[in-house]
$ cat data.pdb   # PDB, C-alpha atoms, pLDDT in the B column
ATOM      1  CA  MET A   1      -0.306  21.831 -16.850  1.00 42.00           C
ATOM      2  CA  ALA A   2      -2.934  21.159 -14.198  1.00 63.00           C
ATOM      3  CA  GLY A   3      -2.264  21.310 -10.466  1.00 74.00           C
ATOM      4  CA  LEU A   4      -2.479  18.399  -8.062  1.00 85.00           C
ATOM      5  CA  ASN A   5      -5.631  17.299  -6.249  1.00 90.00           C
ATOM      6  CA  ILE A   6      -3.500  16.363  -3.230  1.00 92.00           C
ATOM      7  CA  HIS A   7      -2.129  19.160  -1.060  1.00 92.00           C
ATOM      8  CA  ARG A   8       0.390  19.408   1.756  1.00 93.00           C
ATOM      9  CA  ASN A   9      -0.767  18.024   5.156  1.00 92.00           C
ATOM     10  CA  ASP A  10      -3.469  15.849   3.535  1.00 92.00           C
ATOM     11  CA  THR A  11      -3.766  12.292   4.804  1.00 94.00           C
ATOM     12  CA  VAL A  12      -3.383   9.828   1.942  1.00 95.00           C
ATOM     13  CA  GLN A  13      -3.295   6.070   1.429  1.00 96.00           C
ATOM     14  CA  VAL A  14      -1.017   4.274  -1.013  1.00 96.00           C
ATOM     15  CA  VAL A  15      -3.218   2.341  -3.460  1.00 95.00           C
ATOM     16  CA  SER A  16      -0.551   0.623  -5.557  1.00 94.00           C
ATOM     17  CA  GLY A  17       3.072  -0.372  -5.364  1.00 90.00           C
ATOM     18  CA  ALA A  18       5.258  -1.843  -2.643  1.00 89.00           C
ATOM     19  CA  GLY A  19       3.759   0.358   0.106  1.00 91.00           C
ATOM     20  CA  LYS A  20       0.148  -0.512  -0.753  1.00 95.00           C
ATOM     21  CA  GLY A  21      -2.204   0.094   2.183  1.00 95.00           C
ATOM     22  CA  LYS A  22       0.096   2.436   4.112  1.00 96.00           C
ATOM     23  CA  ARG A  23      -1.290   5.762   5.265  1.00 96.00           C
ATOM     24  CA  GLY A  24       0.613   8.942   5.897  1.00 96.00           C
ATOM     25  CA  ARG A  25       0.637  12.712   5.808  1.00 96.00           C
ATOM     26  CA  VAL A  26       1.831  14.559   2.706  1.00 96.00           C
ATOM     27  CA  LEU A  27       5.023  16.415   3.595  1.00 96.00           C
ATOM     28  CA  ARG A  28       5.647  18.082   0.243  1.00 95.00           C
ATOM     29  CA  THR A  29       4.262  18.153  -3.277  1.00 95.00           C
ATOM     30  CA  PHE A  30       6.131  18.403  -6.575  1.00 95.00           C
ATOM     31  CA  PRO A  31       3.472  19.549  -9.091  1.00 94.00           C
ATOM     32  CA  ASP A  32       5.876  19.826 -12.028  1.00 94.00           C
ATOM     33  CA  GLN A  33       6.841  16.137 -11.620  1.00 94.00           C
ATOM     34  CA  ASP A  34       3.363  14.905 -10.475  1.00 94.00           C
ATOM     35  CA  ARG A  35       4.879  13.509  -7.274  1.00 96.00           C
ATOM     36  CA  VAL A  36       4.196  13.734  -3.540  1.00 96.00           C
ATOM     37  CA  LEU A  37       6.387  13.044  -0.513  1.00 96.00           C
ATOM     38  CA  VAL A  38       4.455  10.995   2.076  1.00 96.00           C
ATOM     39  CA  GLU A  39       5.572  10.623   5.696  1.00 96.00           C
ATOM     40  CA  HIS A  40       6.986   7.138   6.548  1.00 95.00           C
ATOM     41  CA  VAL A  41       6.194   5.725   3.089  1.00 94.00           C
ATOM     42  CA  ARG A  42       8.828   4.530   0.588  1.00 93.00           C
ATOM     43  CA  MET A  43      11.772   4.916   2.928  1.00 94.00           C
ATOM     44  CA  VAL A  44      15.192   4.755   1.265  1.00 95.00           C
ATOM     45  CA  LYS A  45      18.687   4.728   2.711  1.00 96.00           C
ATOM     46  CA  LYS A  46      21.027   7.575   1.853  1.00 93.00           C
ATOM     47  CA  THR A  47      24.690   7.966   2.702  1.00 92.00           C
ATOM     48  CA  VAL A  48      25.475  11.189   4.540  1.00 88.00           C
ATOM     49  CA  SER A  49      29.001  12.553   4.832  1.00 87.00           C
ATOM     50  CA  SER A  50      30.135  14.444   7.888  1.00 85.00           C
ATOM     51  CA  LYS A  51      30.681  18.151   7.352  1.00 79.00           C
ATOM     52  CA  SER A  52      33.923  19.598   8.638  1.00 74.00           C
ATOM     53  CA  GLY A  53      32.588  22.892  10.050  1.00 69.00           C
ATOM     54  CA  LYS A  54      29.385  21.524  11.457  1.00 75.00           C
ATOM     55  CA  ASN A  55      28.564  18.981  14.113  1.00 77.00           C
ATOM     56  CA  THR A  56      26.889  16.529  11.737  1.00 78.00           C
ATOM     57  CA  LYS A  57      27.712  12.872  11.933  1.00 82.00           C
ATOM     58  CA  GLY A  58      28.180  10.869   8.761  1.00 85.00           C
ATOM     59  CA  GLY A  59      26.693   7.457   8.100  1.00 90.00           C
ATOM     60  CA  ILE A  60      23.565   5.987   6.567  1.00 91.00           C
ATOM     61  CA  ALA A  61      20.302   7.891   7.052  1.00 90.00           C
ATOM     62  CA  GLU A  62      16.764   6.926   6.108  1.00 93.00           C
ATOM     63  CA  GLN A  63      14.484   9.368   4.333  1.00 94.00           C
ATOM     64  CA  GLU A  64      11.289   9.385   2.308  1.00 95.00           C
ATOM     65  CA  SER A  65      11.352   9.243  -1.464  1.00 95.00           C
ATOM     66  CA  PRO A  66       8.638  10.826  -3.662  1.00 96.00           C
ATOM     67  CA  LEU A  67       5.709   8.768  -4.983  1.00 94.00           C
ATOM     68  CA  HIS A  68       3.741   9.413  -8.136  1.00 95.00           C
ATOM     69  CA  VAL A  69       0.446  11.126  -7.337  1.00 95.00           C
ATOM     70  CA  SER A  70      -1.533   8.407  -9.172  1.00 94.00           C
ATOM     71  CA  ASN A  71      -0.391   5.870  -6.564  1.00 95.00           C
ATOM     72  CA  VAL A  72      -2.049   7.657  -3.631  1.00 95.00           C
ATOM     73  CA  ALA A  73      -5.662   8.443  -2.752  1.00 95.00           C
ATOM     74  CA  LEU A  74      -6.942  11.135  -0.415  1.00 94.00           C
ATOM     75  CA  ILE A  75      -8.490   9.948   2.867  1.00 94.00           C
ATOM     76  CA  CYS A  76     -11.878  11.627   3.366  1.00 92.00           C
ATOM     77  CA  ALA A  77     -12.166  13.439   6.703  1.00 87.00           C
ATOM     78  CA  ASN A  78     -15.859  12.503   6.948  1.00 89.00           C
ATOM     79  CA  CYS A  79     -16.083   8.850   5.855  1.00 89.00           C
ATOM     80  CA  GLY A  80     -12.439   7.894   6.559  1.00 89.00           C
ATOM     81  CA  LYS A  81     -11.966   5.930   3.333  1.00 92.00           C
ATOM     82  CA  PRO A  82      -9.685   6.536   0.346  1.00 94.00           C
ATOM     83  CA  THR A  83     -11.551   8.504  -2.268  1.00 92.00           C
ATOM     84  CA  ARG A  84     -11.158  10.407  -5.489  1.00 91.00           C
ATOM     85  CA  VAL A  85     -11.371  14.183  -5.369  1.00 89.00           C
ATOM     86  CA  GLY A  86     -13.885  16.333  -7.185  1.00 90.00           C
ATOM     87  CA  TYR A  87     -14.409  20.082  -7.213  1.00 90.00           C
ATOM     88  CA  LYS A  88     -17.530  22.169  -6.711  1.00 89.00           C
ATOM     89  CA  VAL A  89     -17.999  25.917  -7.011  1.00 88.00           C
ATOM     90  CA  ASP A  90     -19.481  27.204  -3.757  1.00 82.00           C
ATOM     91  CA  GLY A  91     -20.358  30.870  -4.199  1.00 83.00           C
ATOM     92  CA  ASP A  92     -17.181  32.550  -5.359  1.00 84.00           C
ATOM     93  CA  SER A  93     -14.801  29.837  -4.112  1.00 83.00           C
ATOM     94  CA  LYS A  94     -13.888  26.400  -5.426  1.00 86.00           C
ATOM     95  CA  VAL A  95     -13.841  23.566  -2.854  1.00 88.00           C
ATOM     96  CA  ARG A  96     -12.652  19.962  -3.019  1.00 89.00           C
ATOM     97  CA  VAL A  97     -15.397  17.370  -2.619  1.00 92.00           C
ATOM     98  CA  CYS A  98     -15.291  13.684  -1.636  1.00 91.00           C
ATOM     99  CA  ARG A  99     -16.653  11.572  -4.507  1.00 88.00           C
ATOM    100  CA  LYS A 100     -18.042   8.933  -2.125  1.00 87.00           C
ATOM    101  CA  CYS A 101     -19.963  10.952   0.482  1.00 89.00           C
ATOM    102  CA  GLY A 102     -20.044  14.408  -1.105  1.00 87.00           C
ATOM    103  CA  SER A 103     -18.574  16.260   1.876  1.00 88.00           C
ATOM    104  CA  ALA A 104     -16.259  19.220   1.379  1.00 87.00           C
ATOM    105  CA  GLN A 105     -12.579  18.492   1.984  1.00 80.00           C
ATOM    106  CA  PRO A 106     -10.638  21.306   3.644  1.00 73.00           C
ATOM    107  CA  ILE A 107      -7.362  22.524   2.206  1.00 69.00           C
ATOM    108  CA  ARG A 108      -5.260  22.600   5.344  1.00 62.00           C
ATOM    109  CA  SER A 109      -2.306  24.653   4.198  1.00 51.00           C
ATOM    110  CA  LYS A 110      -1.697  26.574   1.020  1.00 53.00           C
ATOM    111  CA  LYS A 111       1.880  27.835   1.626  1.00 52.00           C
TER     112      LYS A 111
END
$ encode --input "data.pdb" --output "structure tokens"
Amino acid sequence: MAGLNIHRNDTVQVVSGAGKGKRGRVLRTFPDQDRVLVEHVRMVKKTVSSKSGKNTKGGIAEQESPLHVSNVALICANCGKPTRVGYKVDGDSKVRVCRKCGSAQPIRSKK
């Protein structure tokens, strides 16, 4: 199974579906399911019950729901447009490359 081209803290744009055109930051990736969680995209309502030992209030909360990785495109830091991701070997390291302008895309966090 291959890894994802999209990493956490990348800025992405939704290219298909109900949230088409929205941009957001990737909060979390799920490589085994090929899904990403994007900030403020595909918001769903979830019922939350109050916990008896804690000071949490019950009710209806909104949270993000995962999107399939094929429905988002990485925003290039250089040209600012949605692009596909390529890879290039630079010395002894492998870097992501923008397919439109050819600039290297940094991997912001690898935790």
$ closest_residue --input "data.pdb" --among "A:Arg23, A:Arg35, A:His7, A:Lys100" --to "Pro66 (chain A)" --atoms "all atoms listed in the file"
A:Arg35
$ residues_around --input "data.pdb" --residues "Val14 (chain A)" --least-positions-apart "6" --cutoff "6 Å" --atoms "all atoms listed in the file" --output "PDB file with C-alpha atoms, keeping the file's coordinate frame"
ATOM      1  CA  LYS A  20       0.148  -0.512  -0.753  1.00 95.00           C
ATOM      2  CA  GLY A  21      -2.204   0.094   2.183  1.00 95.00           C
ATOM      3  CA  LYS A  22       0.096   2.436   4.112  1.00 96.00           C
ATOM      4  CA  ASN A  71      -0.391   5.870  -6.564  1.00 95.00           C
ATOM      5  CA  VAL A  72      -2.049   7.657  -3.631  1.00 95.00           C
TER       6      VAL A  72
END
$ closest_residue --input "data.pdb" --among "A:Val15, A:Ser49, A:Arg8, A:Glu62" --to "Val36 (chain A)" --atoms "only C-alpha atoms"
A:Arg8
$ resolve_selection --input "data.pdb" --expression "the PyMOL selection byres ((chain A and resi 60) around 9)" --output "NGL selection string"
:A and (45-49 or 58-59 or 61-62)
$ resolve_selection --input "data.pdb" --expression "the PyMOL selection byres ((chain A and resi 63) around 6)" --output "PyMOL selection string"
chain A and resi 43-44+62+64
$ atom_distance --input "data.pdb" --atom1 "CA of Val38 (chain A)" --atom2 "CA of Arg25 (chain A)"
5.6 Å
$ atom_distance --input "data.pdb" --atom1 "CA of Leu67 (chain A)" --atom2 "CA of Cys101 (chain A)"
26.3 Å
$ resolve_selection --input "data.pdb" --expression "the PyMOL selection byres ((chain A and resi 4) around 9)" --output "list of chain:residue names"
A:Ala2, A:Gly3, A:Asn5, A:Ile6, A:His7, A:Thr29, A:Phe30, A:Pro31, A:Asp34, A:Arg35, A:Val69
$ closest_residue --input "data.pdb" --among "A:Lys88, A:Lys54, A:Arg42, A:Arg99" --to "Ala73 (chain A)" --atoms "only C-alpha atoms"
A:Arg99
$ atom_distance --input "data.pdb" --atom1 "CA of Val12 (chain A)" --atom2 "CA of Ile75 (chain A)"
5.2 Å
$ axis_aligned_box --input "data.pdb" --around "region 35-42 of chain A" --padding-each-side "8 Å" --output "AutoDock Vina command-line options"
--center_x 6.5 --center_y 9.1 --center_z -0.4 --size_x 20.6 --size_y 25.2 --size_z 29.8
$ residues_around --input "data.pdb" --residues "Gly24 (chain A)" --least-positions-apart "6" --cutoff "8 Å" --atoms "all atoms listed in the file" --output "PDB file with C-alpha atoms, in the frame of the given file"
ATOM      1  CA  THR A  11      -3.766  12.292   4.804  1.00 94.00           C
ATOM      2  CA  VAL A  12      -3.383   9.828   1.942  1.00 95.00           C
ATOM      3  CA  GLN A  13      -3.295   6.070   1.429  1.00 96.00           C
ATOM      4  CA  VAL A  38       4.455  10.995   2.076  1.00 96.00           C
ATOM      5  CA  GLU A  39       5.572  10.623   5.696  1.00 96.00           C
ATOM      6  CA  HIS A  40       6.986   7.138   6.548  1.00 95.00           C
ATOM      7  CA  VAL A  41       6.194   5.725   3.089  1.00 94.00           C
TER       8      VAL A  41
END
$ closest_residue --input "data.pdb" --among "A:Val97, A:Ala18, A:Val26, A:Leu37" --to "Ala77 (chain A)" --atoms "only C-alpha atoms"
A:Val97
$ closest_residue --input "data.pdb" --among "A:Ala104, A:Gly19, A:Gln33, A:Asp10" --to "His68 (chain A)" --atoms "all atoms listed in the file"
A:Gln33
